[in-house]
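Data block for data_4.csv (CSV, C-alpha atoms and all ligand atoms):
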```
chain,number,residue,atom,x,y,z
A,10,MET,CA,11.6,17.0,-28.5
A,11,ARG,CA,8.3,17.7,-26.7
A,12,ALA,CA,8.5,19.0,-23.2
A,13,TRP,CA,5.9,20.4,-20.8
A,14,GLN,CA,7.4,23.6,-19.6
A,15,VAL,CA,6.4,25.9,-16.8
A,16,VAL,CA,6.5,29.2,-18.7
A,17,ARG,CA,4.7,31.4,-16.0
A,18,HIS,CA,3.5,30.7,-12.5
A,19,GLY,CA,-0.2,29.9,-11.9
A,20,ARG,CA,-2.6,27.0,-12.0
A,21,PRO,CA,-1.2,24.1,-14.1
A,22,SER,CA,-3.4,25.0,-17.1
A,23,GLU,CA,-2.1,28.6,-17.0
A,24,ALA,CA,1.5,27.7,-16.1
A,25,LEU,CA,2.2,24.9,-18.6
A,26,GLU,CA,2.9,24.9,-22.3
A,27,LEU,CA,3.9,22.0,-24.5
A,28,CYS,CA,7.2,23.3,-26.1
A,29,ASP,CA,9.8,22.0,-28.6
A,30,VAL,CA,13.2,22.0,-26.8
A,31,GLU,CA,16.7,20.6,-27.4
A,32,PRO,CA,17.5,17.5,-25.3
A,33,ALA,CA,20.4,17.9,-22.8
A,34,LYS,CA,23.7,16.0,-23.1
A,35,PRO,CA,24.5,13.8,-20.1
A,36,GLY,CA,27.5,14.7,-18.0
A,37,PRO,CA,29.2,12.9,-15.1
A,38,GLY,CA,26.7,11.0,-12.9
A,39,GLN,CA,24.0,11.5,-15.6
A,40,ILE,CA,22.1,9.5,-18.2
A,41,LEU,CA,19.5,10.3,-20.9
A,42,VAL,CA,16.3,8.3,-20.9
A,43,LYS,CA,13.8,8.0,-23.8
A,44,ALA,CA,10.6,8.2,-21.6
A,45,ARG,CA,7.6,6.0,-22.3
A,46,ALA,CA,5.8,7.1,-19.2
A,47,SER,CA,6.1,9.8,-16.5
A,48,VAL,CA,4.2,10.3,-13.2
A,49,LEU,CA,2.4,13.1,-11.5
A,50,ASN,CA,3.8,14.1,-8.1
A,51,TYR,CA,2.1,16.6,-5.8
A,52,ASN,CA,5.2,18.7,-5.7
A,53,GLU,CA,4.6,19.6,-9.3
A,54,VAL,CA,1.3,21.4,-8.4
A,55,ASP,CA,3.4,23.7,-6.2
A,56,GLY,CA,6.0,24.0,-8.9
A,57,CYS,CA,3.4,25.4,-11.3
A,58,HIS,CA,2.3,27.9,-8.7
A,59,GLY,CA,5.9,28.9,-8.0
A,60,ARG,CA,5.6,28.4,-4.3
A,61,TYR,CA,7.9,25.4,-4.0
A,62,LEU,CA,11.2,26.7,-2.7
A,63,THR,CA,13.1,23.4,-2.9
A,64,ILE,CA,12.7,23.2,-6.7
A,65,ASP,CA,12.3,26.6,-8.1
A,66,PRO,CA,14.5,26.9,-11.3
A,67,PRO,CA,14.3,30.0,-13.5
A,68,LEU,CA,11.5,30.0,-16.0
A,69,PRO,CA,11.0,28.4,-18.4
A,70,TYR,CA,11.9,24.9,-17.2
A,71,THR,CA,10.5,21.4,-17.9
A,72,LEU,CA,8.3,20.0,-15.2
A,73,GLY,CA,8.4,16.4,-13.9
A,74,MET,CA,10.1,14.4,-11.2
A,75,GLU,CA,9.8,10.8,-12.3
A,76,CYS,CA,9.8,8.7,-15.5
A,77,VAL,CA,10.2,5.2,-17.0
A,78,GLY,CA,12.0,4.4,-20.2
A,79,GLU,CA,15.2,3.3,-22.0
A,80,VAL,CA,18.6,4.7,-21.4
A,81,VAL,CA,19.8,6.1,-24.8
A,82,ALA,CA,22.9,8.0,-23.7
A,83,ALA,CA,25.2,8.1,-20.7
A,84,GLY,CA,27.7,10.5,-19.2
A,85,PRO,CA,31.4,9.5,-18.6
A,86,GLY,CA,31.5,6.4,-16.3
A,87,GLU,CA,27.8,5.7,-16.6
A,88,GLU,CA,28.0,3.6,-19.8
A,89,ALA,CA,26.8,0.4,-18.0
A,90,TRP,CA,23.3,1.9,-18.0
A,91,LEU,CA,23.1,2.1,-21.9
A,92,GLY,CA,20.1,0.2,-23.3
A,93,ARG,CA,18.6,-0.7,-19.9
A,94,GLN,CA,14.9,-0.2,-19.0
A,95,VAL,CA,14.7,2.0,-15.9
A,96,THR,CA,12.7,4.0,-13.5
A,97,THR,CA,14.4,7.2,-12.6
A,98,SER,CA,14.1,10.8,-11.5
A,99,GLY,CA,14.7,13.9,-13.7
A,100,PHE,CA,18.1,15.5,-12.8
A,101,GLY,CA,17.4,18.1,-10.0
A,102,ALA,CA,13.9,16.6,-9.7
A,103,VAL,CA,12.7,18.4,-13.0
A,104,GLY,CA,12.5,17.5,-16.6
A,105,ALA,CA,10.6,14.2,-16.6
A,106,HIS,CA,7.5,15.3,-18.5
A,107,ALA,CA,9.4,15.3,-21.8
A,108,ASP,CA,10.3,12.8,-24.6
A,109,LEU,CA,14.0,12.6,-23.5
A,110,VAL,CA,14.8,13.0,-19.8
A,111,LEU,CA,18.2,13.9,-18.3
A,112,ALA,CA,18.4,11.8,-15.1
A,113,SER,CA,20.7,11.2,-12.2
A,114,SER,CA,22.2,7.7,-12.2
A,115,ALA,CA,22.1,7.7,-8.3
A,116,MET,CA,18.3,7.9,-8.6
A,117,THR,CA,18.0,5.2,-11.3
A,118,PHE,CA,16.9,1.5,-10.9
A,119,ASP,CA,16.2,-1.3,-13.4
A,120,ILE,CA,12.4,-1.8,-13.9
A,121,PRO,CA,11.5,-4.5,-11.3
A,122,PRO,CA,10.8,-7.9,-12.9
A,123,GLY,CA,7.2,-8.6,-13.9
A,124,LEU,CA,6.1,-4.9,-13.7
A,125,SER,CA,4.6,-3.1,-16.8
A,126,ASP,CA,5.8,0.4,-17.6
A,127,VAL,CA,2.7,1.8,-15.9
A,128,GLU,CA,3.2,-0.2,-12.8
A,129,ALA,CA,6.9,0.6,-12.7
A,130,ALA,CA,6.1,4.3,-13.0
A,131,ALA,CA,3.8,4.0,-10.0
A,132,PHE,CA,6.3,2.0,-8.0
A,133,PHE,CA,9.6,3.9,-7.5
A,134,TYR,CA,8.9,7.2,-5.6
A,135,PRO,CA,6.0,6.1,-3.4
A,136,PHE,CA,7.6,2.9,-2.1
A,137,HIS,CA,11.1,4.3,-1.7
A,138,LEU,CA,9.8,7.4,0.1
A,139,ALA,CA,7.5,5.4,2.3
A,140,HIS,CA,10.2,2.8,3.1
A,141,LEU,CA,12.7,5.5,4.0
A,142,GLY,CA,10.1,7.2,6.2
A,143,LEU,CA,8.6,4.2,8.1
A,144,PHE,CA,11.8,2.1,8.6
A,145,GLU,CA,15.0,4.1,8.1
A,146,ARG,CA,13.7,7.1,9.9
A,147,GLY,CA,10.6,5.9,11.8
A,148,ARG,CA,12.0,2.6,13.1
A,149,LEU,CA,8.5,1.1,12.8
A,150,GLN,CA,8.2,-2.4,14.4
A,151,ALA,CA,5.6,-5.1,14.1
A,152,GLY,CA,2.7,-4.6,16.6
A,153,GLU,CA,3.1,-0.8,16.6
A,154,THR,CA,0.4,1.5,15.4
A,155,VAL,CA,0.9,3.9,12.5
A,156,LEU,CA,-1.3,6.8,11.5
A,157,VAL,CA,-1.0,7.4,7.7
A,158,HIS,CA,-2.4,10.7,6.3
A,159,ALA,CA,-3.7,11.0,2.7
A,160,ALA,CA,-3.6,7.3,2.7
A,161,ALA,CA,-5.2,6.9,-0.7
A,162,GLY,CA,-2.6,9.1,-2.4
A,163,GLY,CA,0.4,7.9,-4.3
A,164,VAL,CA,2.8,7.9,-1.4
A,165,GLY,CA,0.2,7.2,1.3
A,166,SER,CA,-1.1,4.0,-0.4
A,167,ALA,CA,2.5,2.7,-0.5
A,168,ALA,CA,3.0,3.6,3.2
A,169,VAL,CA,-0.2,1.7,4.2
A,170,GLN,CA,1.0,-1.4,2.3
A,171,LEU,CA,4.5,-1.4,3.7
A,172,ALA,CA,3.2,-0.9,7.3
A,173,VAL,CA,0.6,-3.7,6.9
A,174,ALA,CA,3.4,-6.0,5.5
A,175,ALA,CA,5.6,-5.2,8.5
A,176,GLY,CA,2.8,-6.3,10.9
A,177,ALA,CA,1.8,-2.8,12.1
A,178,GLU,CA,-1.7,-1.7,12.8
A,179,VAL,CA,-2.7,1.0,10.4
A,180,ILE,CA,-5.0,3.9,11.1
A,181,ALA,CA,-5.6,5.7,7.8
A,182,THR,CA,-7.0,9.2,7.1
A,183,VAL,CA,-8.7,10.0,3.8
A,184,GLY,CA,-10.7,12.8,2.4
A,185,SER,CA,-13.7,10.8,1.0
A,186,ASP,CA,-15.6,7.6,1.5
A,187,ALA,CA,-14.5,6.3,-2.0
A,188,LYS,CA,-10.9,6.7,-0.9
A,189,ALA,CA,-11.6,4.9,2.3
A,190,GLN,CA,-12.7,1.8,0.4
A,191,LEU,CA,-9.5,1.8,-1.6
A,192,VAL,CA,-7.4,2.0,1.5
A,193,ARG,CA,-9.4,-0.7,3.4
A,194,ASN,CA,-8.7,-3.0,0.4
A,195,LEU,CA,-5.0,-2.4,1.0
A,196,GLY,CA,-5.3,-3.8,4.5
A,197,ALA,CA,-5.7,-0.7,6.7
A,198,GLN,CA,-7.6,-1.7,9.9
A,199,HIS,CA,-9.0,1.7,10.8
A,200,LEU,CA,-10.3,4.4,8.4
A,201,ILE,CA,-11.1,8.0,9.3
A,202,ASN,CA,-12.5,10.6,6.9
A,203,TYR,CA,-10.6,13.6,8.3
A,204,ARG,CA,-12.8,16.1,6.6
A,205,ALA,CA,-15.8,14.8,8.6
A,206,ALA,CA,-14.2,13.8,12.0
A,207,ASP,CA,-11.5,14.9,14.5
A,208,PHE,CA,-8.9,12.4,13.5
A,209,ALA,CA,-6.7,12.9,16.6
A,210,GLU,CA,-9.7,12.1,18.9
A,211,ALA,CA,-10.5,9.1,16.7
A,212,ALA,CA,-6.9,7.8,16.8
A,213,LEU,CA,-6.8,8.2,20.6
A,214,GLU,CA,-10.0,6.2,20.9
A,215,ILE,CA,-8.7,3.4,18.7
A,216,THR,CA,-5.4,3.2,20.7
A,217,GLN,CA,-7.3,3.4,24.0
A,218,GLY,CA,-5.7,6.7,24.9
A,219,LYS,CA,-2.1,5.6,24.3
A,220,GLY,CA,-1.6,7.4,21.0
A,221,VAL,CA,0.0,6.2,17.8
A,222,ASP,CA,3.7,5.1,17.6
A,223,VAL,CA,4.3,6.6,14.2
A,224,CYS,CA,2.6,9.3,12.1
A,225,PHE,CA,3.3,9.3,8.4
A,226,ASP,CA,2.4,12.8,7.3
A,227,GLY,CA,2.4,14.0,3.7
A,228,VAL,CA,-0.2,16.7,4.4
A,229,GLY,CA,1.5,19.0,7.0
A,230,GLY,CA,0.3,22.4,8.4
A,231,ASP,CA,-2.6,22.1,10.8
A,232,VAL,CA,-2.8,18.3,10.1
A,233,MET,CA,0.8,18.1,11.4
A,234,LEU,CA,0.0,20.1,14.5
A,235,GLN,CA,-3.2,18.1,15.3
A,236,SER,CA,-1.3,14.9,14.8
A,237,LEU,CA,0.9,15.7,17.8
A,238,ARG,CA,-2.3,15.5,20.0
A,239,CYS,CA,-2.4,11.7,19.4
A,240,LEU,CA,1.3,10.8,19.3
A,241,ALA,CA,2.4,8.2,22.0
A,242,ARG,CA,5.3,8.6,24.3
A,243,GLY,CA,8.3,7.7,22.2
A,244,GLY,CA,6.3,8.3,19.1
A,245,ARG,CA,7.8,9.4,15.8
A,246,HIS,CA,6.2,12.0,13.6
A,247,LEU,CA,7.4,11.8,10.0
A,248,THR,CA,7.4,15.0,7.9
A,249,ILE,CA,6.9,13.7,4.4
A,250,GLY,CA,5.3,16.6,2.6
A,251,PHE,CA,2.9,19.5,2.7
A,252,ALA,CA,-0.1,18.8,0.5
A,253,SER,CA,-2.3,21.1,2.5
A,254,GLY,CA,-0.1,24.1,1.6
A,255,ILE,CA,3.7,24.2,0.9
A,256,GLU,CA,4.0,27.5,2.7
A,257,ALA,CA,3.9,25.5,6.0
A,258,GLU,CA,7.3,24.2,5.1
A,259,GLU,CA,8.8,27.4,6.4
A,260,VAL,CA,6.4,28.0,9.4
A,261,PRO,CA,7.9,27.1,12.8
A,262,LEU,CA,5.0,25.1,14.3
A,263,VAL,CA,6.6,22.9,17.0
A,264,THR,CA,8.1,24.4,20.1
A,265,GLY,CA,10.7,23.0,22.5
A,266,ARG,CA,8.0,22.7,25.2
A,267,MET,CA,5.8,20.6,22.9
A,268,LEU,CA,8.8,18.2,22.4
A,269,CYS,CA,9.7,18.0,26.1
A,270,PHE,CA,6.1,17.3,27.3
A,271,GLY,CA,5.3,15.0,24.4
A,272,ASN,CA,8.5,12.9,24.7
A,273,PHE,CA,8.3,12.2,21.0
A,274,ASP,CA,10.6,12.6,18.0
A,275,MET,CA,10.0,14.9,15.0
A,276,LEU,CA,11.7,13.4,11.9
A,277,GLY,CA,12.2,14.7,8.4
A,278,VAL,CA,12.4,12.5,5.3
A,279,ILE,CA,13.7,13.3,1.8
A,280,LEU,CA,14.0,11.0,-1.2
A,281,ALA,CA,17.1,12.3,-3.0
A,282,TYR,CA,19.6,9.5,-3.2
A,283,THR,CA,23.1,11.0,-3.5
A,284,PRO,CA,26.6,9.4,-3.7
A,285,PRO,CA,28.1,9.2,-0.1
A,286,GLU,CA,31.0,11.5,-1.1
A,287,ILE,CA,28.6,14.3,-1.9
A,288,SER,CA,25.8,13.9,0.8
A,289,GLY,CA,26.1,16.5,3.5
A,290,LYS,CA,28.6,18.6,1.5
A,291,ILE,CA,26.2,20.5,-0.9
A,292,ALA,CA,24.4,22.8,1.5
A,293,GLY,CA,23.9,26.2,0.0
A,294,ALA,CA,24.9,25.0,-3.5
A,295,SER,CA,21.3,25.1,-4.7
A,296,GLY,CA,20.5,28.3,-2.8
A,297,MET,CA,18.1,26.4,-0.5
A,298,PRO,CA,17.3,28.1,2.8
A,299,VAL,CA,18.4,25.1,4.9
A,300,PRO,CA,21.3,24.9,7.4
A,301,ARG,CA,22.3,21.5,6.1
A,302,PHE,CA,21.3,19.1,3.3
A,303,ASN,CA,21.8,15.4,4.3
A,304,PRO,CA,20.1,13.3,1.6
A,305,PRO,CA,20.1,9.5,1.9
A,306,THR,CA,23.1,7.9,0.2
A,307,THR,CA,23.2,5.4,-2.7
A,308,ASP,CA,24.1,2.5,-0.5
A,309,ILE,CA,20.8,3.1,1.4
A,310,ALA,CA,19.0,3.2,-2.0
A,311,GLN,CA,20.3,-0.2,-2.9
A,312,SER,CA,19.2,-1.7,0.4
A,313,VAL,CA,15.8,-0.2,0.2
A,314,GLN,CA,15.4,-1.4,-3.4
A,315,GLN,CA,16.3,-5.0,-2.3
A,316,SER,CA,13.7,-5.0,0.5
A,317,LEU,CA,11.1,-3.6,-1.9
A,318,LEU,CA,11.9,-6.2,-4.6
A,319,SER,CA,11.5,-9.0,-2.0
A,320,LEU,CA,8.1,-7.6,-0.9
A,321,LEU,CA,7.0,-7.3,-4.6
A,322,ALA,CA,8.1,-10.9,-5.4
A,323,ALA,CA,6.1,-12.1,-2.3
A,324,ARG,CA,3.1,-10.1,-3.6
A,325,LYS,CA,2.9,-8.2,-0.3
A,326,ILE,CA,3.0,-4.8,-2.0
A,327,ARG,CA,1.7,-3.6,-5.4
A,328,PRO,CA,1.8,-0.2,-7.2
A,329,ILE,CA,-1.5,1.6,-7.1
A,330,VAL,CA,-2.3,3.2,-10.4
A,331,GLY,CA,-5.2,5.6,-10.1
A,332,ALA,CA,-5.4,6.5,-13.8
A,333,THR,CA,-3.4,6.6,-17.0
A,334,VAL,CA,-3.5,9.9,-18.9
A,335,PRO,CA,-2.3,10.8,-22.5
A,336,PHE,CA,0.8,13.0,-22.5
A,337,GLU,CA,-1.1,15.9,-23.9
A,338,GLU,CA,-3.4,16.0,-20.9
A,339,LEU,CA,-0.9,16.8,-18.1
A,340,PRO,CA,-2.3,20.3,-17.1
A,341,ALA,CA,-5.9,18.9,-16.5
A,342,ALA,CA,-4.5,15.9,-14.6
A,343,LEU,CA,-2.5,18.1,-12.3
A,344,GLU,CA,-5.5,20.2,-11.6
A,345,GLU,CA,-7.5,17.1,-10.6
A,346,MET,CA,-4.7,16.3,-8.2
A,347,GLU,CA,-4.8,19.8,-6.7
A,348,ALA,CA,-8.6,19.4,-6.2
A,349,ARG,CA,-8.0,16.2,-4.2
A,350,GLN,CA,-9.8,14.1,-6.8
A,351,THR,CA,-7.0,11.6,-7.5
A,352,SER,CA,-6.0,8.4,-5.7
A,353,GLY,CA,-2.9,6.3,-6.2
A,354,ARG,CA,-0.4,7.4,-8.9
A,355,ILE,CA,-1.4,9.2,-12.1
A,356,VAL,CA,0.7,8.0,-15.0
A,357,LEU,CA,1.3,10.0,-18.1
A,358,LEU,CA,1.7,7.9,-21.3
A,359,ARG,CA,3.7,8.9,-24.4
A,401,LIG,N1,9.9,14.2,1.1
A,401,LIG,C1,10.1,13.9,-0.2
A,401,LIG,O1,11.2,13.6,-0.6
A,401,LIG,C2,8.9,13.9,-1.1
A,401,LIG,C3,9.0,13.5,-2.4
A,401,LIG,C4,7.9,13.4,-3.2
A,401,LIG,C5,6.7,13.8,-2.7
A,401,LIG,N2,6.6,14.3,-1.4
A,401,LIG,C6,5.3,14.7,-0.8
A,401,LIG,O2,4.5,13.5,-0.5
A,401,LIG,C7,3.1,13.9,-0.4
A,401,LIG,C8,2.3,13.0,-1.2
A,401,LIG,O3,2.6,13.2,-2.6
A,401,LIG,P1,1.8,12.4,-3.8
A,401,LIG,O4,2.4,12.8,-5.1
A,401,LIG,O5,1.6,11.0,-3.4
A,401,LIG,O6,0.3,13.2,-3.6
A,401,LIG,P2,-1.1,12.5,-3.2
A,401,LIG,O7,-1.0,12.0,-1.8
A,401,LIG,O8,-1.4,11.5,-4.3
A,401,LIG,O9,-2.0,13.7,-3.4
A,401,LIG,C9,-2.2,14.7,-2.4
A,401,LIG,C10,-3.3,14.3,-1.4
A,401,LIG,O10,-3.1,15.0,-0.2
A,401,LIG,C11,-4.4,15.1,0.4
A,401,LIG,N3,-4.6,16.5,0.9
A,401,LIG,C12,-4.9,16.9,2.2
A,401,LIG,N4,-5.1,18.2,2.2
A,401,LIG,C13,-5.0,18.6,1.0
A,401,LIG,C14,-5.2,19.9,0.4
A,401,LIG,N5,-5.5,21.0,1.2
A,401,LIG,N6,-5.0,20.1,-0.9
A,401,LIG,C15,-4.7,19.1,-1.7
A,401,LIG,N7,-4.5,17.8,-1.2
A,401,LIG,C16,-4.7,17.6,0.1
A,401,LIG,C17,-5.4,14.7,-0.6
A,401,LIG,O11,-5.9,13.4,-0.2
A,401,LIG,P3,-7.3,13.3,0.7
A,401,LIG,O12,-8.4,13.8,-0.2
A,401,LIG,O13,-7.4,11.9,1.1
A,401,LIG,O14,-7.0,14.2,1.9
A,401,LIG,C18,-4.7,14.6,-1.9
A,401,LIG,O15,-5.2,13.6,-2.7
A,401,LIG,C19,3.1,15.4,-0.9
A,401,LIG,O16,3.0,16.3,0.2
A,401,LIG,C20,4.4,15.5,-1.7
A,401,LIG,O17,4.8,16.9,-1.8
A,401,LIG,C21,7.7,14.3,-0.6
```
Please go through the file and, once you have read it, give me the structure as structure tokens.
Amino acid sequence: MRAWQVVRHGRPSEALELCDVEPAKPGPGQILVKARASVLNYNEVDGCHGRYLTIDPPLPYTLGMECVGEVVAAGPGEEAWLGRQVTTSGFGAVGAHADLVLASSAMTFDIPPGLSDVEAAAFFYPFHLAHLGLFERGRLQAGETVLVHAAAGGVGSAAVQLAVAAGAEVIATVGSDAKAQLVRNLGAQHLINYRAADFAEAALEITQGKGVDVCFDGVGGDVMLQSLRCLARGGRHLTIGFASGIEAEEVPLVTGRMLCFGNFDMLGVILAYTPPEISGKIAGASGMPVPRFNPPTTDIAQSVQQSLLSLLAARKIRPIVGATVPFEELPAALEEMEARQTSGRIVLLR
């Protein structure tokens, strides 16, 4: 089968080669999906460069976190998935930019009713991650203010829609005026081009000095640090990702004094649904330099999916597809993402 493999580290066009590889055989907790579409995720840019510690398998490996397709084989105990049309994540968050994808059943959902393959591809990760962040971790309430960074991106555009649907007031940052228009159309009340203005000052002005209740931050680094200047008492900062430089993942930026004086919460969010019997018990197994790995459990996955299906049915949220790209053009599409040229989700079609 065809698979886009990282064969050396570098820019996506240097790192990736389209290879012919043997498909994997699903084991316990796994299924095999014949993919019709896969999706670009910013983490894959870092994967090509070899600077993403969380997912750093030995070379060569097949890139890709998310796909849509039909389940064509199932491991022991997973037979109920056979023949179903699903959105899923490559096992270990790799392998999705291939014709056949080994996936974890804990990260698999039926394609929501009424969504095309492309829409379904753009739906799963952004909305689950944004929901986990805003509500399970961030405790966002109607009437609160939320600052969403990279709001025109795949994950950011989902966070804007969920916050608006929940009755929150959204202050969105974007890197260009064209992106601002997209986010305004999603219902964000305030737009800031954070390349042109001091977003923390602007957010303080909008909230009349109080600061924002929640900050949804997929950019990290200096943007994270500056965000603490405009976080309200009792505010919640959500660390979603590090698009401005994954190296910041390992840099201790926040001190105890900042937390005491700020009276706010720093919260981490990871989308990696795991059976309850495993969550919290696999620290160190993957060699990750973390003291403990506490991924959300599959019962949380089901409750998030039900909430999202209700919002979809009520047309309060919709997947944002920035572009569809032929399978052969993955490296160029990832380089566009790295250059901050993309918005919404970029879907790779077979
Ligand atoms: N926690 C988890 O489980 C998890 C899972 C998946 C993804 N993520 C993270 O979620 C975040 C969003 O992912 P996505 O796939 O939806 O990406 P995305 O937001 O569509 O693309 C990244 C965006 O980040 C902004 N950005 C700000 N500074 C940047 C810089 N120096 N270089 C490049 N981009 C910069 C750009 O938007 P502007 O031009 O508007 O600034 C860019 O378009 C990423 O950090 C990703 O790693 C986290």
Let me make sure I understand: among A:Gly84, A:Gly73, A:Gly59, A:Gly254, which one has the smallest atom-to-atom distance to Lys34 (chain A) if we use all atoms listed in the file? A:Gly84
Contacts with ligand LIG 401 (chain A) at most 6 Å, all atoms listed in the file counted, listed as a PDB file with C-alpha atoms, in the coordinates of the input:
```pdb
ATOM      1  CA  ASN A  50       3.800  14.100  -8.100  1.00  0.00           C
ATOM      2  CA  TYR A  51       2.100  16.600  -5.800  1.00  0.00           C
ATOM      3  CA  ASN A  52       5.200  18.700  -5.700  1.00  0.00           C
ATOM      4  CA  ALA A 159      -3.700  11.000   2.700  1.00  0.00           C
ATOM      5  CA  ALA A 161      -5.200   6.900  -0.700  1.00  0.00           C
ATOM      6  CA  GLY A 162      -2.600   9.100  -2.400  1.00  0.00           C
ATOM      7  CA  GLY A 163       0.400   7.900  -4.300  1.00  0.00           C
ATOM      8  CA  VAL A 164       2.800   7.900  -1.400  1.00  0.00           C
ATOM      9  CA  GLY A 165       0.200   7.200   1.300  1.00  0.00           C
ATOM     10  CA  VAL A 183      -8.700  10.000   3.800  1.00  0.00           C
ATOM     11  CA  GLY A 184     -10.700  12.800   2.400  1.00  0.00           C
ATOM     12  CA  GLY A 227       2.400  14.000   3.700  1.00  0.00           C
ATOM     13  CA  VAL A 228      -0.200  16.700   4.400  1.00  0.00           C
ATOM     14  CA  ILE A 249       6.900  13.700   4.400  1.00  0.00           C
ATOM     15  CA  GLY A 250       5.300  16.600   2.600  1.00  0.00           C
ATOM     16  CA  PHE A 251       2.900  19.500   2.700  1.00  0.00           C
ATOM     17  CA  ALA A 252      -0.100  18.800   0.500  1.00  0.00           C
ATOM     18  CA  SER A 253      -2.300  21.100   2.500  1.00  0.00           C
ATOM     19  CA  VAL A 278      12.400  12.500   5.300  1.00  0.00           C
ATOM     20  CA  ILE A 279      13.700  13.300   1.800  1.00  0.00           C
ATOM     21  CA  LEU A 280      14.000  11.000  -1.200  1.00  0.00           C
ATOM     22  CA  GLU A 347      -4.800  19.800  -6.700  1.00  0.00           C
ATOM     23  CA  ALA A 348      -8.600  19.400  -6.200  1.00  0.00           C
ATOM     24  CA  ARG A 349      -8.000  16.200  -4.200  1.00  0.00           C
ATOM     25  CA  THR A 351      -7.000  11.600  -7.500  1.00  0.00           C
ATOM     26  CA  SER A 352      -6.000   8.400  -5.700  1.00  0.00           C
ATOM     27  CA  GLY A 353      -2.900   6.300  -6.200  1.00  0.00           C
TER      28      GLY A 353
END
```
Grab the CA of Val299 (chain A) to CA of Ala102 (chain A) distance for me, in Å with one decimal place. 17.5 Å
Would you mind reading off the distance between CA of Asn303 (chain A) and CA of Glu153 (chain A), one decimal, in Å? 27.6 Å
Using only C-alpha atoms, find each residue of region 210-310 of chain A with at least one atom at most 10 Å away from an atom of region 107-119 of chain A; report its shortest atom-to-atom pair and that distance in Å (one decimal), sort the rows by chain and rising residue number, and return the result as a Markdown table.
```
| residue | atom | partner | partner_atom | distance |
| --- | --- | --- | --- | --- |
| A:Leu280 | CA | A:Met116 | CA | 9.1 |
| A:Ala281 | CA | A:Met116 | CA | 7.2 |
| A:Tyr282 | CA | A:Met116 | CA | 5.8 |
| A:Thr283 | CA | A:Ala115 | CA | 5.9 |
| A:Pro284 | CA | A:Ala115 | CA | 6.7 |
| A:Thr306 | CA | A:Ala115 | CA | 8.6 |
| A:Thr307 | CA | A:Ala115 | CA | 6.2 |
| A:Asp308 | CA | A:Ala115 | CA | 9.6 |
| A:Ala310 | CA | A:Met116 | CA | 8.1 |
```
Write out as a tab-separated table (two decimals) with C-alpha atoms, in the frame of the given file each polymer residue whose atoms come within 12 Å of Pro67 (chain A), counting all atoms listed in the file; drop sequence neighbours fewer than 5 positions from it.
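Below is the file that was written, around.tsv:
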```
chain	number	residue	atom	x	y	z
A	14	GLN	CA	7.40	23.60	-19.60
A	15	VAL	CA	6.40	25.90	-16.80
A	16	VAL	CA	6.50	29.20	-18.70
A	17	ARG	CA	4.70	31.40	-16.00
A	18	HIS	CA	3.50	30.70	-12.50
A	56	GLY	CA	6.00	24.00	-8.90
A	59	GLY	CA	5.90	28.90	-8.00
A	62	LEU	CA	11.20	26.70	-2.70
A	72	LEU	CA	8.30	20.00	-15.20
A	103	VAL	CA	12.70	18.40	-13.00
```
One decimal, in Å: what's the spacing between CA of Val169 (chain A) and CA of Tyr203 (chain A)? 16.3 Å
Selection: 10 Å around Gly152 (chain A), all atoms listed in the file, excl. self and same-chain fewer than 6 positions, as a PyMOL selection string: chain A and resi 173+175-179+222
From the list A:Arg60, A:Val192, A:Thr216, A:Gly92, which residue is nearest Ala257 (chain A) when using only C-alpha atoms? A:Arg60
With distances taken over only C-alpha atoms, which of A:Ala44, A:Ala12, A:Leu213, A:Ala168 is nearest to Asp29 (chain A)?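 Under the stated criterion, the closest residue is A:Ala12.
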Ile120 (chain A) environment, 12 Å, all atoms listed in the file, sequence neighbours closer than 6 positions dropped, as a ChimeraX atom specification: /A:76-80,93-97,126-133,314,318
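Checking A:Met233, A:Ala332, A:Leu200, A:Ala139 one by one against Glu345 (chain A), counting all atoms listed in the file, you find the shortest gap at A:Ala332.
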Nearest to Lys325 (chain A) by atom-to-atom distance, counting only C-alpha atoms, from A:Pro85, A:Gly147, A:Gly196, A:Pro122: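 Ranked by minimum distance to Lys325 (chain A), first place goes to A:Gly196.
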Using all atoms listed in the file, can you list as a PyMOL selection string the residues within 7 Å of (8.1, 20.2, 8.5)? chain A and resi 229+248+258+277
Tell me which of A:Val260, A:Val157, A:Ala82, A:Leu138 sits closest to Pro305 (chain A), counting all atoms listed in the file. A:Leu138
Leaving out Asp274 (chain A) and any residue of its chain fewer than 2 positions from it, which residues lie within 9 Å of it when counting all atoms listed in the file, given as a list of chain:residue names?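 Final neighbour list, sorted by chain and number: A:Gly243, A:Gly244, A:Arg245, A:His246, A:Leu247, A:Leu268, A:Gly271, A:Asn272, A:Leu276.
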Please identify all polymer residues within 7 Å of region 21-26 of chain A, counting all atoms listed in the file, omitting same-chain residues fewer than 5 positions from it, and present them as a PyMOL selection string. chain A and resi 13-16+54+57+340-341+343-344
Quick one: write out the picked residues with C-alpha atoms as a CSV table (one decimal), in the coordinates of the input?
```csv
chain,number,residue,atom,x,y,z
A,13,TRP,CA,5.9,20.4,-20.8
A,14,GLN,CA,7.4,23.6,-19.6
A,15,VAL,CA,6.4,25.9,-16.8
A,16,VAL,CA,6.5,29.2,-18.7
A,54,VAL,CA,1.3,21.4,-8.4
A,57,CYS,CA,3.4,25.4,-11.3
A,340,PRO,CA,-2.3,20.3,-17.1
A,341,ALA,CA,-5.9,18.9,-16.5
A,343,LEU,CA,-2.5,18.1,-12.3
A,344,GLU,CA,-5.5,20.2,-11.6
```
